[in-house]
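Visitor: You'll find run-v1.cif just under this line, and it carries mmCIF, C-alpha atoms.
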```cif
data_target
#
loop_
_atom_site.label_atom_id
_atom_site.label_comp_id
_atom_site.auth_asym_id
_atom_site.auth_seq_id
_atom_site.Cartn_x
_atom_site.Cartn_y
_atom_site.Cartn_z
CA MET A 220 90.69 145.37 28.71
CA THR A 221 91.19 149.11 28.51
CA THR A 222 94.31 151.06 29.35
CA LEU A 223 94.12 154.17 31.52
CA PRO A 224 94.86 157.43 29.73
CA LEU A 225 97.96 159.48 30.40
CA PRO A 226 98.32 163.24 30.32
CA ASP A 227 99.00 164.64 26.85
CA SER A 228 102.48 165.62 28.05
CA PRO A 229 103.84 163.09 30.57
CA PRO A 230 106.29 164.47 33.16
CA ASP A 231 109.87 164.49 31.92
CA PRO A 232 111.07 161.65 34.21
CA VAL A 233 108.21 159.41 33.05
CA LEU A 234 108.94 160.14 29.40
CA LYS A 235 112.69 159.65 29.84
CA ALA A 236 112.26 156.31 31.62
CA ALA A 237 109.78 155.09 29.02
CA ASP A 238 112.07 156.12 26.16
CA THR A 239 115.08 154.45 27.81
CA LEU A 240 113.25 151.15 28.24
CA MET A 241 111.75 151.26 24.76
CA HIS A 242 115.20 151.91 23.28
CA ALA A 243 116.57 148.88 25.12
CA THR A 244 113.73 146.76 23.74
CA ARG A 245 114.28 147.88 20.16
CA THR A 246 118.07 147.68 20.16
CA GLY A 247 118.46 144.54 22.27
CA VAL A 248 120.93 146.35 24.52
CA ALA A 249 120.07 146.48 28.21
CA CYS A 250 119.99 149.89 29.87
CA PRO A 251 121.03 151.20 33.31
CA PRO A 252 118.39 151.27 36.07
CA VAL A 253 115.74 153.96 35.66
CA ARG A 254 115.01 154.29 39.39
CA THR A 255 117.36 157.27 39.66
CA LEU A 256 114.73 159.33 37.84
CA PHE A 257 112.19 158.91 40.66
CA ASP A 258 111.81 158.84 44.40
CA ALA A 259 112.55 155.39 45.80
CA ASP A 260 108.90 154.66 46.58
CA ASP A 261 107.19 156.48 43.71
CA ILE A 262 105.25 153.48 42.45
CA SER A 263 102.56 155.62 40.82
CA ALA A 264 105.15 157.23 38.54
CA ALA A 265 106.52 153.78 37.71
CA TYR A 266 103.07 152.59 36.62
CA ALA A 267 102.76 155.74 34.49
CA VAL A 268 105.93 154.67 32.66
CA GLN A 269 104.50 151.20 32.18
CA ARG A 270 101.20 152.54 30.79
CA LEU A 271 102.98 154.86 28.37
CA ASN A 272 104.94 152.02 26.78
CA VAL A 273 101.86 149.79 26.70
CA GLN A 274 100.01 152.55 24.84
CA ARG A 275 102.89 152.78 22.38
CA SER A 276 102.56 149.05 21.73
CA LEU A 277 98.82 149.43 21.15
CA ILE A 278 99.45 152.19 18.62
CA GLU A 279 101.81 149.79 16.82
CA GLY A 280 98.97 147.29 16.44
CA ARG A 281 99.32 144.96 19.41
CA ARG A 282 96.42 144.33 21.79
CA VAL A 283 96.06 143.74 25.50
CA VAL A 284 95.25 140.10 26.31
CA GLY A 285 95.58 140.09 30.09
CA ARG A 286 97.78 140.81 33.09
CA LYS A 287 100.61 139.20 34.98
CA ILE A 288 101.22 139.32 38.71
CA GLY A 289 104.78 139.62 39.97
CA LEU A 290 106.52 139.66 43.34
CA THR A 291 104.24 136.99 44.81
CA SER A 292 107.13 135.44 46.73
CA PRO A 293 107.76 136.83 50.25
CA ALA A 294 111.50 136.35 49.72
CA VAL A 295 111.50 138.47 46.56
CA GLN A 296 109.33 141.12 48.22
CA LYS A 297 111.85 141.32 51.06
CA GLN A 298 114.71 141.58 48.57
CA LEU A 299 113.08 144.57 46.85
CA GLY A 300 111.81 146.15 50.05
CA VAL A 301 108.10 145.92 49.29
CA GLY A 302 105.13 144.36 51.02
CA GLN A 303 102.85 143.64 48.07
CA PRO A 304 102.92 142.23 44.54
CA ASP A 305 103.05 144.24 41.35
CA PHE A 306 101.45 143.74 37.94
CA GLY A 307 102.25 144.08 34.28
CA THR A 308 100.30 143.96 31.02
CA LEU A 309 100.23 140.98 28.66
CA LEU A 310 100.20 141.87 24.98
CA SER A 311 99.31 139.71 22.00
CA GLY A 312 102.90 139.66 20.73
CA MET A 313 104.08 137.99 23.94
CA ALA A 314 102.28 134.67 23.39
CA VAL A 315 104.31 131.59 22.43
CA SER A 316 102.52 128.36 21.50
CA ASP A 317 102.83 125.31 23.74
CA GLY A 318 105.88 123.43 22.53
CA GLY A 319 107.01 126.44 20.53
CA THR A 320 110.47 127.94 20.19
CA VAL A 321 111.64 131.38 21.26
CA PRO A 322 113.80 132.85 18.48
CA ALA A 323 117.44 133.58 19.26
CA ARG A 324 117.99 137.07 20.69
CA ARG A 325 114.24 137.65 21.00
CA LEU A 326 114.84 138.58 24.65
CA LEU A 327 117.71 140.21 26.51
CA GLN A 328 118.10 138.30 29.80
CA PRO A 329 115.41 135.61 29.91
CA LYS A 330 114.47 133.53 32.92
CA VAL A 331 111.65 130.99 33.17
CA GLU A 332 109.12 130.36 35.91
CA ALA A 333 106.09 128.07 36.16
CA GLU A 334 102.69 129.49 37.01
CA VAL A 335 98.96 128.89 37.07
CA ALA A 336 97.14 130.87 34.38
CA LEU A 337 93.48 131.80 34.75
CA VAL A 338 91.24 132.74 31.83
CA LEU A 339 88.20 134.83 32.73
CA GLY A 340 84.71 134.13 31.47
CA SER A 341 83.21 137.30 32.94
CA ASP A 342 84.28 140.74 34.15
CA LEU A 343 85.66 141.40 37.65
CA PRO A 344 84.74 145.05 38.28
CA PHE A 345 84.27 144.81 42.06
CA MET A 346 86.14 147.19 44.34
CA GLN A 347 86.47 144.54 47.07
CA PRO A 348 86.35 141.20 45.27
CA THR A 349 86.21 137.93 47.14
CA VAL A 350 87.58 134.50 46.30
CA ALA A 351 83.99 133.54 45.44
CA ASP A 352 83.84 136.40 42.91
CA VAL A 353 87.02 135.16 41.27
CA LEU A 354 85.80 131.55 41.24
CA ARG A 355 82.61 132.62 39.46
CA ALA A 356 84.49 134.76 36.96
CA VAL A 357 87.18 132.24 35.96
CA ASP A 358 86.30 130.08 32.97
CA PHE A 359 89.25 127.70 33.31
CA ALA A 360 92.86 127.30 34.46
CA LEU A 361 95.95 126.27 32.50
CA PRO A 362 99.57 125.47 33.28
CA ALA A 363 101.83 128.28 32.10
CA LEU A 364 105.42 129.26 31.61
CA GLU A 365 106.25 132.90 32.09
CA ILE A 366 109.48 133.87 30.39
CA VAL A 367 110.45 136.95 32.31
CA ASP A 368 112.98 139.44 30.99
CA SER A 369 114.56 142.69 32.10
CA ARG A 370 115.58 145.62 30.00
CA ILE A 371 117.70 146.68 33.00
CA ASN A 372 121.31 145.57 32.73
CA GLY A 373 122.18 142.62 34.95
CA TRP A 374 118.69 142.50 36.50
CA ASP A 375 119.82 145.34 38.78
CA ILE A 376 116.28 146.24 39.78
CA THR A 377 114.20 147.71 42.56
CA ILE A 378 110.41 147.81 42.70
CA VAL A 379 110.43 151.06 40.69
CA ASP A 380 112.59 149.54 37.93
CA THR A 381 110.51 146.42 37.51
CA VAL A 382 107.16 148.25 37.53
CA CYS A 383 108.46 150.72 34.92
CA ASP A 384 109.64 147.71 32.89
CA ASN A 385 106.14 146.20 32.69
CA ALA A 386 106.84 144.02 35.74
CA SER A 387 109.82 142.49 33.90
CA SER A 388 107.51 140.88 31.35
CA GLY A 389 108.88 138.97 28.40
CA LEU A 390 106.80 136.17 26.88
CA PHE A 391 104.35 133.56 28.09
CA VAL A 392 103.30 130.05 27.12
CA LEU A 393 99.92 128.49 27.94
CA GLY A 394 99.15 124.79 28.09
CA GLY A 395 96.45 123.57 25.76
CA ALA A 396 94.08 121.57 28.00
CA PRO A 397 91.69 123.82 29.97
CA VAL A 398 90.80 122.65 33.50
CA PRO A 399 87.70 123.96 35.32
CA LEU A 400 88.32 125.15 38.87
CA THR A 401 85.80 122.60 40.11
CA ALA A 402 88.31 119.91 39.13
CA VAL A 403 91.39 121.24 40.96
CA ASN A 404 92.31 122.92 44.24
CA LEU A 405 94.92 125.45 43.20
CA ARG A 406 96.38 125.73 46.70
CA ASP A 407 97.32 122.03 46.57
CA VAL A 408 98.97 121.88 43.16
CA GLN A 409 102.60 120.78 43.01
CA MET A 410 104.98 122.17 40.41
CA THR A 411 108.17 120.83 38.87
CA LEU A 412 110.14 122.85 36.32
CA LEU A 413 112.56 120.94 34.11
CA ARG A 414 115.37 122.35 31.97
CA ASP A 415 116.66 119.86 29.41
CA GLY A 416 115.03 117.13 31.47
CA GLU A 417 116.61 118.09 34.80
CA LYS A 418 114.66 119.62 37.67
CA VAL A 419 115.63 123.24 38.26
CA SER A 420 112.68 124.48 40.34
CA SER A 421 109.78 123.16 42.37
CA GLY A 422 107.00 124.56 44.50
CA SER A 423 103.33 124.48 45.27
CA GLY A 424 100.20 126.57 45.00
CA THR A 425 100.68 127.92 48.51
CA ASP A 426 104.00 129.46 47.43
CA CYS A 427 102.05 132.03 45.40
CA LEU A 428 100.61 134.40 48.03
CA GLY A 429 99.14 131.41 49.84
CA GLY A 430 97.33 130.34 46.68
CA PRO A 431 96.86 131.57 43.09
CA LEU A 432 93.29 132.65 43.83
CA ASN A 433 94.60 135.01 46.52
CA ALA A 434 96.87 136.59 43.92
CA ALA A 435 93.94 136.94 41.51
CA VAL A 436 91.83 138.64 44.21
CA TRP A 437 94.65 141.13 44.84
CA LEU A 438 94.95 141.91 41.13
CA ALA A 439 91.21 142.28 40.63
CA ALA A 440 90.96 144.70 43.57
CA THR A 441 94.00 146.70 42.48
CA LEU A 442 92.79 147.15 38.91
CA ALA A 443 89.21 147.93 39.90
CA ALA A 444 90.50 150.63 42.26
CA VAL A 445 92.19 152.46 39.36
CA GLY A 446 89.22 152.07 37.02
CA ASP A 447 90.79 149.43 34.76
CA PRO A 448 89.15 146.16 35.87
CA LEU A 449 89.77 142.67 34.62
CA ARG A 450 87.45 141.74 31.75
CA ALA A 451 86.00 138.58 30.26
CA GLY A 452 88.60 136.86 28.09
CA ASP A 453 91.59 138.21 30.02
CA ILE A 454 94.49 135.90 30.80
CA VAL A 455 95.86 136.23 34.31
CA LEU A 456 99.30 134.86 35.12
CA THR A 457 98.99 134.50 38.87
CA GLY A 458 102.67 134.39 39.85
CA ALA A 459 105.55 131.96 40.18
CA LEU A 460 105.06 128.69 42.06
CA GLY A 461 108.80 128.39 42.66
CA PRO A 462 112.18 129.95 41.88
CA MET A 463 112.89 131.10 38.34
CA ALA A 464 115.59 129.50 36.18
CA VAL A 465 117.98 131.21 33.77
CA ALA A 466 117.36 130.37 30.11
CA SER A 467 120.23 130.06 27.63
CA PRO A 468 120.15 129.49 23.86
CA GLY A 469 119.34 125.87 23.09
CA ASP A 470 117.56 125.17 26.39
CA SER A 471 114.23 123.36 26.56
CA PHE A 472 111.81 123.82 29.47
CA GLU A 473 108.82 121.86 30.71
CA ALA A 474 106.59 122.74 33.64
CA ARG A 475 104.49 120.01 35.22
CA ILE A 476 101.70 121.15 37.53
CA SER A 477 99.61 118.50 39.25
CA GLY A 478 95.94 118.69 38.35
CA LEU A 479 96.66 120.98 35.39
CA GLY A 480 99.09 119.08 33.18
CA SER A 481 102.25 120.31 31.49
CA VAL A 482 103.50 123.06 29.20
CA ARG A 483 106.72 123.29 27.17
CA ALA A 484 108.90 125.77 25.32
CA ALA A 485 112.41 125.86 23.87
CA PHE A 486 114.97 128.52 23.12
CA ALA A 487 116.57 128.46 19.69
CA PRO A 488 120.35 128.08 19.55
CA ASP A 489 122.25 131.31 18.98
CA THR A 490 124.73 130.71 16.19
CA THR A 491 126.41 134.10 16.59
CA ASP A 492 129.30 134.83 18.92
CA THR A 493 127.96 136.28 22.18
CA PRO A 494 129.62 137.40 25.40
CA ASP A 495 129.62 135.03 28.36
CA GLU A 496 126.23 135.48 30.03
CA GLY A 497 127.42 134.14 33.38
CA ALA A 498 126.55 131.12 35.42
CA ARG A 499 123.07 129.74 35.60
CA GLN A 500 120.98 130.02 38.71
#
```
Translate the structure described by the file into C-alpha coordinates.
Guide:
Amino acid sequence: MTTLPLPDSPPDPVLKAADTLMHATRTGVACPPVRTLFDADDISAAYAVQRLNVQRSLIEGRRVVGRKIGLTSPAVQKQLGVGQPDFGTLLSGMAVSDGGTVPARRLLQPKVEAEVALVLGSDLPFMQPTVADVLRAVDFALPALEIVDSRINGWDITIVDTVCDNASSGLFVLGGAPVPLTAVNLRDVQMTLLRDGEKVSSGSGTDCLGGPLNAAVWLAATLAAVGDPLRAGDIVLTGALGPMAVASPGDSFEARISGLGSVRAAFAPDTTDTPDEGARQ
(Lines of atoms letter the chains of each structure in order from A and count residues from 1; the text may use other names and numbers.)
(Lines give C-alpha, C1' and ligand atoms only; values in the text may rest on other atoms or scores of the structure.)
Protein backbone atom coordinates (compact mmCIF):
# COMPACT_ATOMS: atom_id res chain seq x y z
CA MET A 1 0.00 0.00 0.00
CA THR A 2 1.23 3.48 -0.79
CA THR A 3 0.71 6.62 1.26
CA LEU A 4 -0.43 9.83 -0.41
CA PRO A 5 2.15 12.61 -0.50
CA LEU A 6 1.83 15.78 1.52
CA PRO A 7 2.96 19.26 0.58
CA ASP A 8 6.61 19.96 1.39
CA SER A 9 5.44 22.44 4.02
CA PRO A 10 2.18 21.30 5.65
CA PRO A 11 -0.11 24.08 6.93
CA ASP A 12 0.75 25.17 10.46
CA PRO A 13 -2.37 23.64 12.09
CA VAL A 14 -1.65 20.27 10.46
CA LEU A 15 1.97 20.34 11.58
CA LYS A 16 1.07 21.44 15.11
CA ALA A 17 -1.56 18.71 15.52
CA ALA A 18 0.79 16.06 14.15
CA ASP A 19 3.60 17.19 16.46
CA THR A 20 1.27 17.24 19.48
CA LEU A 21 0.07 13.69 18.85
CA MET A 22 3.55 12.38 18.10
CA HIS A 23 4.84 13.94 21.34
CA ALA A 24 2.08 12.20 23.28
CA THR A 25 3.04 8.89 21.67
CA ARG A 26 6.72 9.25 22.47
CA THR A 27 6.32 10.53 26.03
CA GLY A 28 3.36 8.37 27.06
CA VAL A 29 1.52 11.46 28.27
CA ALA A 30 -1.88 12.12 26.73
CA CYS A 31 -2.46 15.53 25.17
CA PRO A 32 -5.45 17.91 25.00
CA PRO A 33 -7.83 17.60 22.03
CA VAL A 34 -6.41 18.90 18.74
CA ARG A 35 -9.80 19.80 17.24
CA THR A 36 -9.41 23.42 18.33
CA LEU A 37 -6.83 23.82 15.55
CA PHE A 38 -9.41 23.14 12.82
CA ASP A 39 -12.96 23.81 11.77
CA ALA A 40 -15.36 21.35 13.36
CA ASP A 41 -15.99 19.48 10.11
CA ASP A 42 -12.56 19.78 8.46
CA ILE A 43 -12.06 16.06 7.96
CA SER A 44 -9.64 16.56 5.06
CA ALA A 45 -7.24 18.44 7.34
CA ALA A 46 -7.57 15.69 9.93
CA TYR A 47 -6.56 13.05 7.38
CA ALA A 48 -3.59 15.24 6.42
CA VAL A 49 -2.45 15.07 10.06
CA GLN A 50 -2.87 11.31 10.03
CA ARG A 51 -0.86 10.92 6.81
CA LEU A 52 1.95 13.10 8.11
CA ASN A 53 2.47 10.94 11.19
CA VAL A 54 2.18 7.75 9.14
CA GLN A 55 4.92 9.07 6.85
CA ARG A 56 7.07 9.80 9.89
CA SER A 57 6.63 6.18 10.99
CA LEU A 58 7.64 4.96 7.54
CA ILE A 59 10.80 7.06 7.65
CA GLU A 60 11.59 5.40 11.00
CA GLY A 61 11.49 1.99 9.32
CA ARG A 62 7.95 0.75 9.87
CA ARG A 63 5.76 -0.37 6.96
CA VAL A 64 2.09 -0.16 6.12
CA VAL A 65 0.34 -3.53 6.46
CA GLY A 66 -3.30 -2.52 6.04
CA ARG A 67 -6.14 -0.32 7.23
CA LYS A 68 -8.68 -0.24 10.03
CA ILE A 69 -12.24 0.99 9.83
CA GLY A 70 -13.68 2.91 12.76
CA LEU A 71 -17.04 4.41 13.69
CA THR A 72 -19.01 1.50 12.23
CA SER A 73 -21.55 1.67 15.05
CA PRO A 74 -24.55 3.98 14.47
CA ALA A 75 -24.53 4.86 18.18
CA VAL A 76 -20.91 6.01 18.07
CA GLN A 77 -21.52 7.94 14.84
CA LYS A 78 -24.39 9.75 16.54
CA GLN A 79 -22.21 10.50 19.56
CA LEU A 80 -19.55 12.13 17.37
CA GLY A 81 -22.03 13.82 15.04
CA VAL A 82 -21.03 12.01 11.85
CA GLY A 83 -22.87 9.89 9.32
CA GLN A 84 -20.05 7.68 8.04
CA PRO A 85 -17.11 5.62 9.27
CA ASP A 86 -13.49 6.71 9.32
CA PHE A 87 -10.25 4.84 8.67
CA GLY A 88 -6.73 4.58 10.00
CA THR A 89 -3.48 2.97 8.88
CA LEU A 90 -2.10 -0.28 10.29
CA LEU A 91 1.67 -0.37 10.66
CA SER A 92 3.96 -3.34 11.16
CA GLY A 93 4.83 -2.31 14.73
CA MET A 94 1.18 -2.60 15.77
CA ALA A 95 0.90 -6.38 15.35
CA VAL A 96 0.73 -8.58 18.46
CA SER A 97 0.84 -12.36 18.10
CA ASP A 98 -2.21 -14.45 19.00
CA GLY A 99 -1.88 -15.24 22.69
CA GLY A 100 0.80 -12.59 23.08
CA THR A 101 1.25 -10.01 25.80
CA VAL A 102 1.12 -6.23 25.49
CA PRO A 103 4.00 -4.75 27.52
CA ALA A 104 3.14 -2.52 30.46
CA ARG A 105 2.74 1.15 29.49
CA ARG A 106 2.95 0.30 25.78
CA LEU A 107 -0.31 2.22 25.31
CA LEU A 108 -1.87 5.21 27.04
CA GLN A 109 -5.59 4.43 27.42
CA PRO A 110 -6.24 1.03 25.84
CA LYS A 111 -9.62 -0.48 25.11
CA VAL A 112 -10.34 -3.77 23.35
CA GLU A 113 -12.90 -4.65 20.71
CA ALA A 114 -13.53 -7.80 18.66
CA GLU A 115 -13.61 -7.63 14.88
CA VAL A 116 -13.50 -9.58 11.65
CA ALA A 117 -10.21 -9.15 9.81
CA LEU A 118 -9.96 -9.63 6.05
CA VAL A 119 -6.70 -10.33 4.24
CA LEU A 120 -6.67 -9.42 0.55
CA GLY A 121 -5.35 -11.68 -2.17
CA SER A 122 -5.70 -9.07 -4.92
CA ASP A 123 -5.95 -5.30 -5.35
CA LEU A 124 -9.21 -3.36 -4.99
CA PRO A 125 -8.67 -0.31 -7.20
CA PHE A 126 -12.30 0.19 -8.28
CA MET A 127 -13.95 3.57 -7.82
CA GLN A 128 -17.35 1.98 -7.14
CA PRO A 129 -16.59 -1.48 -5.75
CA THR A 130 -19.31 -4.01 -5.11
CA VAL A 131 -19.63 -6.75 -2.51
CA ALA A 132 -18.76 -9.18 -5.32
CA ASP A 133 -15.51 -7.29 -5.96
CA VAL A 134 -14.60 -7.56 -2.29
CA LEU A 135 -15.51 -11.26 -2.16
CA ARG A 136 -13.21 -11.95 -5.13
CA ALA A 137 -10.38 -9.90 -3.65
CA VAL A 138 -10.41 -11.36 -0.12
CA ASP A 139 -8.11 -14.34 0.39
CA PHE A 140 -9.39 -15.25 3.86
CA ALA A 141 -10.93 -13.96 7.09
CA LEU A 142 -9.65 -14.15 10.66
CA PRO A 143 -10.95 -13.30 14.11
CA ALA A 144 -9.22 -10.20 15.45
CA LEU A 145 -8.79 -8.07 18.52
CA GLU A 146 -8.26 -4.39 17.93
CA ILE A 147 -6.66 -2.69 20.90
CA VAL A 148 -7.68 0.89 20.36
CA ASP A 149 -5.93 3.77 22.09
CA SER A 150 -6.18 7.54 22.22
CA ARG A 151 -3.42 10.06 22.55
CA ILE A 152 -6.17 12.52 23.56
CA ASN A 153 -6.56 12.85 27.31
CA GLY A 154 -9.61 11.07 28.70
CA TRP A 155 -10.81 9.99 25.23
CA ASP A 156 -12.25 13.50 24.85
CA ILE A 157 -12.63 13.18 21.09
CA THR A 158 -14.66 14.36 18.14
CA ILE A 159 -14.41 13.03 14.60
CA VAL A 160 -11.56 15.46 13.89
CA ASP A 161 -9.57 14.29 16.93
CA THR A 162 -9.88 10.60 16.17
CA VAL A 163 -9.06 10.96 12.46
CA CYS A 164 -5.98 13.04 13.30
CA ASP A 165 -5.03 10.33 15.81
CA ASN A 166 -4.96 7.59 13.15
CA ALA A 167 -8.56 6.64 13.96
CA SER A 168 -7.53 5.97 17.57
CA SER A 169 -5.35 3.05 16.50
CA GLY A 170 -3.22 1.17 18.98
CA LEU A 171 -2.40 -2.48 18.32
CA PHE A 172 -4.09 -5.47 16.73
CA VAL A 173 -4.09 -9.23 17.16
CA LEU A 174 -5.01 -11.72 14.43
CA GLY A 175 -6.16 -15.29 14.96
CA GLY A 176 -4.05 -17.97 13.35
CA ALA A 177 -6.55 -20.13 11.42
CA PRO A 178 -7.56 -18.57 8.07
CA VAL A 179 -11.17 -19.12 6.98
CA PRO A 180 -12.25 -18.71 3.32
CA LEU A 181 -15.34 -16.57 2.81
CA THR A 182 -17.04 -19.52 1.12
CA ALA A 183 -17.11 -21.19 4.54
CA VAL A 184 -18.74 -18.40 6.56
CA ASN A 185 -21.46 -15.77 6.20
CA LEU A 186 -19.97 -12.75 7.93
CA ARG A 187 -23.37 -11.12 8.51
CA ASP A 188 -24.40 -14.10 10.66
CA VAL A 189 -21.35 -14.40 12.89
CA GLN A 190 -21.86 -14.03 16.63
CA MET A 191 -19.19 -12.49 18.84
CA THR A 192 -18.41 -12.83 22.54
CA LEU A 193 -15.57 -10.87 24.14
CA LEU A 194 -14.24 -12.18 27.45
CA ARG A 195 -12.05 -10.34 29.96
CA ASP A 196 -10.45 -12.68 32.49
CA GLY A 197 -13.06 -15.26 31.54
CA GLU A 198 -16.09 -13.00 32.02
CA LYS A 199 -18.21 -11.71 29.15
CA VAL A 200 -17.80 -7.96 28.68
CA SER A 201 -19.16 -7.50 25.15
CA SER A 202 -21.21 -9.31 22.54
CA GLY A 203 -22.57 -8.62 19.10
CA SER A 204 -23.00 -9.92 15.60
CA GLY A 205 -21.85 -9.31 12.05
CA THR A 206 -24.85 -7.09 11.35
CA ASP A 207 -23.67 -4.70 14.09
CA CYS A 208 -20.81 -3.63 11.81
CA LEU A 209 -22.50 -1.44 9.16
CA GLY A 210 -24.96 -4.25 8.49
CA GLY A 211 -22.09 -6.65 7.80
CA PRO A 212 -18.27 -6.57 7.64
CA LEU A 213 -18.34 -6.80 3.84
CA ASN A 214 -20.33 -3.55 3.72
CA ALA A 215 -17.60 -1.89 5.76
CA ALA A 216 -14.94 -3.26 3.41
CA VAL A 217 -16.83 -1.92 0.38
CA TRP A 218 -16.96 1.53 1.99
CA LEU A 219 -13.23 1.47 2.71
CA ALA A 220 -12.30 0.25 -0.76
CA ALA A 221 -14.37 3.01 -2.38
CA THR A 222 -13.03 5.71 -0.06
CA LEU A 223 -9.39 4.80 -0.64
CA ALA A 224 -9.78 4.36 -4.40
CA ALA A 225 -11.36 7.82 -4.59
CA VAL A 226 -8.22 9.42 -3.10
CA GLY A 227 -5.83 7.38 -5.25
CA ASP A 228 -4.59 5.09 -2.46
CA PRO A 229 -6.46 1.80 -3.06
CA LEU A 230 -6.33 -1.37 -1.05
CA ARG A 231 -3.66 -3.76 -2.32
CA ALA A 232 -3.02 -7.50 -2.28
CA GLY A 233 -1.70 -8.55 1.12
CA ASP A 234 -3.41 -5.75 3.03
CA ILE A 235 -5.09 -6.52 6.34
CA VAL A 236 -8.46 -4.86 6.81
CA LEU A 237 -9.94 -4.58 10.29
CA THR A 238 -13.59 -4.14 9.41
CA GLY A 239 -14.90 -2.60 12.63
CA ALA A 240 -16.18 -3.58 16.05
CA LEU A 241 -18.88 -6.25 16.36
CA GLY A 242 -19.88 -4.95 19.79
CA PRO A 243 -18.99 -2.44 22.51
CA MET A 244 -15.34 -1.98 23.45
CA ALA A 245 -14.00 -2.88 26.90
CA VAL A 246 -11.43 -1.00 28.97
CA ALA A 247 -8.13 -2.86 29.40
CA SER A 248 -6.12 -2.62 32.61
CA PRO A 249 -2.69 -4.05 33.47
CA GLY A 250 -2.93 -7.78 34.11
CA ASP A 251 -6.11 -8.30 32.08
CA SER A 252 -6.50 -11.15 29.61
CA PHE A 253 -8.92 -10.99 26.67
CA GLU A 254 -10.39 -13.59 24.35
CA ALA A 255 -12.72 -12.97 21.43
CA ARG A 256 -14.83 -15.84 20.13
CA ILE A 257 -16.45 -15.34 16.73
CA SER A 258 -18.66 -18.10 15.39
CA GLY A 259 -17.42 -19.55 12.13
CA LEU A 260 -14.00 -17.93 12.57
CA GLY A 261 -12.66 -19.21 15.89
CA SER A 262 -10.99 -17.30 18.69
CA VAL A 263 -8.11 -14.91 19.34
CA ARG A 264 -6.41 -13.96 22.61
CA ALA A 265 -4.13 -11.34 24.12
CA ALA A 266 -3.05 -10.26 27.59
CA PHE A 267 -1.79 -7.07 29.18
CA ALA A 268 1.31 -7.33 31.33
CA PRO A 269 0.99 -6.26 34.96
CA ASP A 270 2.30 -2.78 35.71
CA THR A 271 4.56 -3.02 38.73
CA THR A 272 5.01 0.75 39.04
CA ASP A 273 2.74 3.06 41.00
CA THR A 274 0.18 4.61 38.64
CA PRO A 275 -2.72 7.00 39.16
CA ASP A 276 -6.22 5.58 39.40
CA GLU A 277 -7.38 5.08 35.82
CA GLY A 278 -11.06 5.13 36.72
CA ALA A 279 -13.80 2.58 36.57
CA ARG A 280 -14.06 0.06 33.80
CA GLN A 281 -16.74 0.24 31.19
Visitor: Could you write out as a PyMOL selection string the residues that the PyMOL selection byres ((chain A and resi 418) around 12) matches in the shown file?
Guide: chain A and resi 410-417+419-422+461-464+471-475
Visitor: I'd like to know which of A:Val233, A:Val465, A:Ile454, A:Leu393 is closest to Ser481 in chain A, using all atoms listed in the file.
Guide: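 Using all atoms listed in the file, the shortest distance to Ser481 in chain A belongs to A:Leu393.
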Visitor: Where does the PyMOL selection byres ((chain A and resi 346-348) around 9) land in this file, that is, which residues does it pick, as a PyMOL selection string?
Guide: chain A and resi 343-345+349-353+436-437+439-444
Visitor: Neighbours of Ile262 in chain A within 9 Å (only C-alpha atoms; same-chain residues fewer than 6 positions away dropped), as number ranges by chain?
Guide: A: 378-379, 382-383
Visitor: Please list, as a list of chain:residue names, the residues that have an atom at most 8 Å away from (119.7, 138.7, 27.5) in the coordinates of this file, counting only C-alpha atoms.
Guide: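 Final list of nearby residues, as requested, is A:Gly247, A:Ala249, A:Arg324, A:Leu326, A:Leu327, A:Gln328, A:Pro329, A:Asp368, A:Ser369, A:Glu496.
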Visitor: Quick one: which residues end up in the PyMOL selection byres ((chain A and resi 278-287) around 6) for this structure, as a ChimeraX atom specification?
Guide: /A:275-277,288,306-311,453-456
Visitor: Find the residues with any atom within 6 Å of (105.3, 132.9, 29.1); use only C-alpha atoms and the coordinates as given in the file, and write the answer as a PyMOL selection string.
Guide: chain A and resi 364-366+390-392
